[in-house]
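S.K.: Dropping the structure in here first, questions after.
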Amino acid sequence: MQLMGFETNTIEAKRFSKAGEHMANIRIDHNSTVTQISRSSDRTASVEFRFTVNYVGMGYIKIEGNVLLEGEVDPLIKEWSATSSMPNEDANIVHNIVVSNCIPTALLIARDIRLPPPFPLPRINIEKKAGPAPRTQPGPEFA
């Protein structure tokens, strides 16, 4: 399967907490869900998705859209029709596409409505460099 297109149809976000209200230990849950798969042509399939970031007790961000895939879509359509699930290989492709495209959007939305980033930001800790370690035992001498 190969990505042919990515489209966002709906963005919904809400903050429940008041401005300036501080909450400790915020739990942030992410979820990527495929809601529908349909054939677009002989070699393409449209996969509808919903990506949510849930800030438990604080707010949420929901992004919906579709991914257009090209390749051998018959096994994908057949398994979706029978079980409402995808083959693992195709599921990995779809969910990685959804997450990699929705996380940056969710980050910007979170900033706009004053929610924490939807992923932990790296912590930078610059420490003072230590000098050479003091010698505790005599070593060999070279001339």
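For the structure tokens, the naming scheme is as follows: chains receive sequential letters (A, B, ...) according to their order of presentation, residues are indexed from 1 within each chain, and ligands are indexed from 1 in presentation order.
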What's around segment 28-41 of chain A at 6 Å? Count only C-alpha atoms, leave out sequence neighbours fewer than 2 positions away in its own chain, and write the answer as a list of chain:residue names.

M.R.: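 Here the qualifying residues turn out to be A:Arg43, A:Thr44, A:Ala45, A:Ser46, A:Val47, A:Glu48, A:Phe49, A:Arg50, A:Phe51, A:Thr52, A:Val53, A:Asn54, A:Tyr55.
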
S.K.: Do a neighbour search on segment 108-124 of chain A at 8 Å with only C-alpha atoms, toss out local chain neighbours closer than 3 positions, and write the hits as a ChimeraX atom specification.

M.R.: /A:13-15,19,28,53,58-59,61,103-105

S.K.: Export, as a short mmCIF file (atom, residue, chain, number, x, y, z; two decimals), in the first residue's frame, the selected residues with C-alpha atoms.

M.R.:
data_model
loop_
_atom_site.label_atom_id
_atom_site.label_comp_id
_atom_site.auth_asym_id
_atom_site.auth_seq_id
_atom_site.Cartn_x
_atom_site.Cartn_y
_atom_site.Cartn_z
CA ALA A 13 -11.52 21.02 20.15
CA LYS A 14 -12.72 22.06 23.56
CA ARG A 15 -11.10 23.06 26.84
CA ALA A 19 -7.96 29.94 31.90
CA ILE A 28 -3.27 12.61 27.92
CA VAL A 53 -6.40 13.51 21.99
CA MET A 58 -9.38 19.13 30.94
CA GLY A 59 -10.46 18.98 27.27
CA ILE A 61 -9.08 17.54 20.33
CA ILE A 103 -0.01 15.23 15.91
CA PRO A 104 1.41 18.48 14.42
CA THR A 105 -2.12 19.79 13.86
#

S.K.: Please return, as a ChimeraX atom specification, all residues of segment 28-140 of chain A that DSSP assigns to alpha helix (DSSP H) on the basis of the backbone.

M.R.: /A:74-83,88-112

S.K.: With C-alpha atoms retained, could you export that selection as a PDB file, in the first residue's frame?

M.R.:
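Output file selection-v5.pdb follows:
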ATOM      1  CA  ASP A  74      -8.861  -6.250  -2.468  1.00  0.00           C
ATOM      2  CA  PRO A  75      -7.538  -7.964   0.716  1.00  0.00           C
ATOM      3  CA  LEU A  76      -8.053  -4.729   2.678  1.00  0.00           C
ATOM      4  CA  ILE A  77     -11.650  -4.295   1.469  1.00  0.00           C
ATOM      5  CA  LYS A  78     -12.440  -7.986   1.952  1.00  0.00           C
ATOM      6  CA  GLU A  79     -11.173  -8.121   5.556  1.00  0.00           C
ATOM      7  CA  TRP A  80     -12.838  -4.811   6.457  1.00  0.00           C
ATOM      8  CA  SER A  81     -16.165  -6.041   5.072  1.00  0.00           C
ATOM      9  CA  ALA A  82     -15.947  -9.321   6.974  1.00  0.00           C
ATOM     10  CA  THR A  83     -14.488  -8.262  10.334  1.00  0.00           C
ATOM     11  CA  ASN A  88      -1.831  -5.771  10.403  1.00  0.00           C
ATOM     12  CA  GLU A  89       0.514  -4.507   7.696  1.00  0.00           C
ATOM     13  CA  ASP A  90      -2.138  -2.147   6.291  1.00  0.00           C
ATOM     14  CA  ALA A  91      -3.230  -1.077   9.790  1.00  0.00           C
ATOM     15  CA  ASN A  92       0.364  -0.087  10.619  1.00  0.00           C
ATOM     16  CA  ILE A  93       0.600   1.992   7.444  1.00  0.00           C
ATOM     17  CA  VAL A  94      -2.747   3.744   7.989  1.00  0.00           C
ATOM     18  CA  HIS A  95      -2.307   4.502  11.688  1.00  0.00           C
ATOM     19  CA  ASN A  96       1.257   5.780  11.198  1.00  0.00           C
ATOM     20  CA  ILE A  97       0.018   8.106   8.429  1.00  0.00           C
ATOM     21  CA  VAL A  98      -2.837   9.363  10.623  1.00  0.00           C
ATOM     22  CA  VAL A  99      -0.686   9.937  13.709  1.00  0.00           C
ATOM     23  CA  SER A 100       2.203  11.572  11.835  1.00  0.00           C
ATOM     24  CA  ASN A 101      -0.193  13.995  10.118  1.00  0.00           C
ATOM     25  CA  CYS A 102      -2.516  14.711  13.061  1.00  0.00           C
ATOM     26  CA  ILE A 103      -0.013  15.229  15.907  1.00  0.00           C
ATOM     27  CA  PRO A 104       1.413  18.476  14.418  1.00  0.00           C
ATOM     28  CA  THR A 105      -2.117  19.794  13.865  1.00  0.00           C
ATOM     29  CA  ALA A 106      -3.117  18.823  17.399  1.00  0.00           C
ATOM     30  CA  LEU A 107      -0.046  20.621  18.748  1.00  0.00           C
ATOM     31  CA  LEU A 108      -1.074  23.891  17.077  1.00  0.00           C
ATOM     32  CA  ILE A 109      -4.691  23.545  18.207  1.00  0.00           C
ATOM     33  CA  ALA A 110      -3.595  22.765  21.772  1.00  0.00           C
ATOM     34  CA  ARG A 111      -1.506  25.925  21.789  1.00  0.00           C
ATOM     35  CA  ASP A 112      -4.419  28.009  20.493  1.00  0.00           C
TER      36      ASP A 112
END

S.K.: Find the residue from A:Ile126, A:Val67, A:Ala24, A:Met86 that sits nearest to Met4 of chain A; use only C-alpha atoms when measuring.

M.R.: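 With only C-alpha atoms as the atom set, the closest residue is A:Val67.
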
S.K.: Any chance you could list, as a PyMOL selection string, the residues in segment 12-72 of chain A that come up strand (DSSP E) when DSSP is run on the backbone?

M.R.: chain A and resi 12-15+28-41+44-55+59-70

S.K.: Near Asn9 of chain A, within 8 Å and counting only C-alpha atoms, which residues show up once chain neighbours fewer than 6 positions away are dropped, as a list in words?

M.R.: Ile63, Glu64, Gly65 and Asn66 of chain A

S.K.: Would you write out those residues with C-alpha atoms, as a short mmCIF file (atom, residue, chain, number, x, y, z; two decimals), in the first residue's frame?

M.R.:
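Wrote it out as selection24.cif, contents follow:
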data_model
loop_
_atom_site.label_atom_id
_atom_site.label_comp_id
_atom_site.auth_asym_id
_atom_site.auth_seq_id
_atom_site.Cartn_x
_atom_site.Cartn_y
_atom_site.Cartn_z
CA ILE A 63 -9.59 15.36 13.97
CA GLU A 64 -11.47 13.45 11.27
CA GLY A 65 -10.57 12.87 7.65
CA ASN A 66 -9.57 10.29 5.11
#
